[in-house]
Amino acid sequence: MNRLIAGQLNRCLAGLSLQQQRNIHLTPLQSSVFTKKIKKLDPALAKMREERKRNKLTKEIRSMQKHSKKPKPLDEMYIDVISSRNLNERSRTIAHLPFEELERRALVHKQYSTDRTRLCARDQQHISSVLRLQTSALAALKGVSEELYQAAIQPDPTLVPSTYHGPPETPPIDNYESPDGDYVDTTRMWE
Amino acid sequence: MMYFQRRIVEMSCAGRVLARRQLCSAIGSCYVHTAPAIATSNDGANLRPSNFRWRIYTGVILERFPIAAPPLSDVERQYKDVKSQMELENSFLNNFELRQLKEKATALKRAQLEAEGKNLDQLGETIGISTAELDYNWQKKADSFAPPDLSKIEVDDEKSLKRKFDRKLVLVVRQRFGVPDYVSPWSLPYVAHRDGESLRQTVERSLASLVHPDLKATVTGNAPFVYYSRTFPTKTRAHANADGMKLFVYKAVLSPPFNFKLTSDDVVDYKWVTHDELAKYLSPRKFRNKILSLVIE
């Protein structure tokens with residue numbers, strides 16, 4: 001019986017440490033009466049050091065400013081480094097164009113040029129005819145009533161600036177519900 | 001060069017024929033509208049008796065700008081094709097095209113090795129989606145974004161603003177002018193000027209009565225664009241309380257969304273017409289020509 005109790009006691013005691021706890025750490029000496037003697041610096045030398053430090057800082061600031069003023073890179077003007085490695089493989093074998101094709105292309109260019117000129121002339125003609133009509137309308141209005149004429153020749157501030165959004169290629173879809181989500185502008189900003 | 005010159009001649013001939021045809025149809029319709037109702041006078045104010053009563057009216061050209069871009073003309077399309085072809089010829093091959101070329105070369109080599117009955121291990125083929133399959137899938141996706149056929153979405157109704165998406169539309173109306181059993185011939189919307197308001201205010205008042213408040217119509221400028229005067233026929237003189245009208249026409253632009261609903265009681269009927277159709281709704285000829293030179297497409 002005694003042996004049984006002794007065995008249990010032993011097991012309990014096995015978890016306990018019988019060592020003394022020591023929470024005190026001994027550190028090396030923090031200060032001493034024998035402090036290092038401060039050397040007396042030569043004032044000229046100190047001044048020089050100060051100057052050197054300042055120069056170094058200004059130089060750093062200058063270089064930082066220089067880099068910050070770098071112009072915005074023109075991505076479309078630089079060739080992609082990875083793609084440019086095998087540029088010789090990337091050339092297209094152009095078939096020699098027959099004379100007829102060259103002639104056709106020249107003709108298309110000329111036709112387009114004529115077409116644009118005609119369009120431009122039409123616009124000019126339209127503008128001048130509208131101006132002519134408006135001038136005569138205003139003259140007629142002046143004959144009718146000076147008061148109405150004065151009101152008509154006032155500039156309309158709402159017309160400047162005018163913005164027109166050109167027609168898109170497709171008409172808008174009726175009752176279109178745009179998808180949910182946040183619009184995050186990922187355009188890189190250059191300041 | 002010869003061909004080019006001939007083309008121009010052909011084009012101008014076609015244009016002249018077309019113009020003549022339009023003129024004929026315009027004159028035809030002009031007779032229909034003008035003959036019974038209107039005696040025209042053009043600035044003959046000096047010849048009028050001193051008690052001749054003029055009345056000032058404002059008209060408005062209310063425009064709906066194109067909602068969709070018109071298709072390219074033949075010249076434009078040819079130019080675009082040639083330009084993109086030239087750009088393609090001068091460009092470098094991209095990564096995908098390089099891959100395509102590599103695949104083609106591998107296929108050739110494979111056929112050669114198979115014909116010789118050799119081992120195919122030395123080909124070094126990589127497993128993945130072939131370029132042809134990728135190309136097919138991309139093309140399919142691109143096709144799903146193809147612009148729709150406008151003629152299928154458009155409403156074929158002259159009263160709808162959803163007609164002729166790629167054209168400019170102008171409002172024409174038939175009005176009562178406050179007389180219960182009278183209906184005017186087709187023309188631009190007119191309103192009589194009231195004392196104390198400027199001409200622009202008159203136009204804005206007429207637009208407010210015409211256009212539903214949800215829609216916004218902006219008048220362009222304070223000055224009128226067109227002046228036109230005419231005498232009234234004797235029948236009209238009594239209820240118009242005037243012997244003639246001096247008409248000042250302004251322009252206005254309609255902003256989207258385009259759900260036009262007629263709100264004015266004075267307007268009996270209305271239509272949204274294109275530039276070419278407008279000619280047959282306006283009379284007399286001098287007035288029509290003035291208005292048509294103002295509306296450009």
# chains A, B, ... in the order shown; residues from 1 in each chain; ligands from 1

call {"tool": "closest_atom_pairs", "arguments": {"of": "chain A", "to": "chain B", "cutoff": "9 Å", "atoms": "only C-alpha atoms", "output": "tab-separated table"}}
result
residue	atom	partner	partner_atom	distance
A:Ser83	CA	B:Asn95	CA	8.0
A:Leu87	CA	B:Phe92	CA	7.9
A:Glu89	CA	B:Leu93	CA	8.0
A:Arg90	CA	B:Leu93	CA	4.6
A:Ser91	CA	B:Phe92	CA	5.3
A:Arg92	CA	B:Phe92	CA	6.3
A:Thr93	CA	B:Glu89	CA	8.7
A:Ile94	CA	B:Glu89	CA	6.7
A:Arg105	CA	B:Val82	CA	6.6
A:Leu107	CA	B:Phe4	CA	7.0
A:Val108	CA	B:Tyr79	CA	5.9
A:His109	CA	B:Tyr79	CA	6.5
A:Lys110	CA	B:Phe4	CA	8.5
A:Gln111	CA	B:Val75	CA	6.7
A:Tyr112	CA	B:Val75	CA	5.9
A:Asp115	CA	B:Val75	CA	7.5
A:Asp123	CA	B:Ile296	CA	8.7
A:His126	CA	B:Ser293	CA	6.9
A:Ile127	CA	B:Leu294	CA	8.8
A:Ser129	CA	B:Ser293	CA	7.1
A:Val130	CA	B:Leu294	CA	6.0
A:Leu131	CA	B:Phe225	CA	8.1
A:Leu133	CA	B:Val226	CA	5.7
A:Gln134	CA	B:Phe225	CA	4.4
A:Thr135	CA	B:Phe225	CA	8.1
A:Ser136	CA	B:Tyr227	CA	7.3
A:Ala137	CA	B:Tyr227	CA	4.6
A:Leu138	CA	B:Pro224	CA	6.9
A:Ala140	CA	B:Tyr227	CA	7.0
A:Leu141	CA	B:Tyr227	CA	8.1
A:Val144	CA	B:Ile56	CA	8.7
A:Glu147	CA	B:Ser198	CA	8.3
A:Leu148	CA	B:Ser198	CA	5.8
A:Tyr149	CA	B:Ala223	CA	8.3
A:Ala151	CA	B:Ser198	CA	6.3
A:Ala152	CA	B:Ala223	CA	4.5
A:Ile153	CA	B:Ala223	CA	5.9
A:Gln154	CA	B:Asn222	CA	6.5
A:Pro155	CA	B:Asn222	CA	7.0
A:Asp156	CA	B:Gly221	CA	5.5
A:Pro157	CA	B:Gly221	CA	8.8
A:Thr158	CA	B:Gly221	CA	8.4
A:Leu159	CA	B:Gly221	CA	7.1
A:Gly166	CA	B:Ala69	CA	7.9
A:Pro167	CA	B:Ala68	CA	4.9
A:Pro168	CA	B:Ala68	CA	5.2
A:Glu169	CA	B:Ala69	CA	5.0
A:Thr170	CA	B:Ala68	CA	5.3
A:Pro171	CA	B:Ala68	CA	5.1
A:Pro172	CA	B:Ile67	CA	8.0

call {"tool": "select_by_dssp", "arguments": {"residues": "range 182-295 of chain B", "states": "strand (DSSP E or B)", "output": "PyMOL selection string"}}
result
chain B and resi 187+190-192+211+216-219+226-231+244-255+262+267-273

call {"tool": "closest_residue", "arguments": {"among": "B:Val267, B:Leu210, B:Val203, B:Val179", "to": "Asn241 in chain B", "atoms": "only C-alpha atoms"}}
result
B:Val179

call {"tool": "closest_residue", "arguments": {"among": "B:Lys141, B:Lys216, B:Arg174, B:Lys109", "to": "Ser255 in chain B", "atoms": "only C-alpha atoms"}}
result
B:Lys216
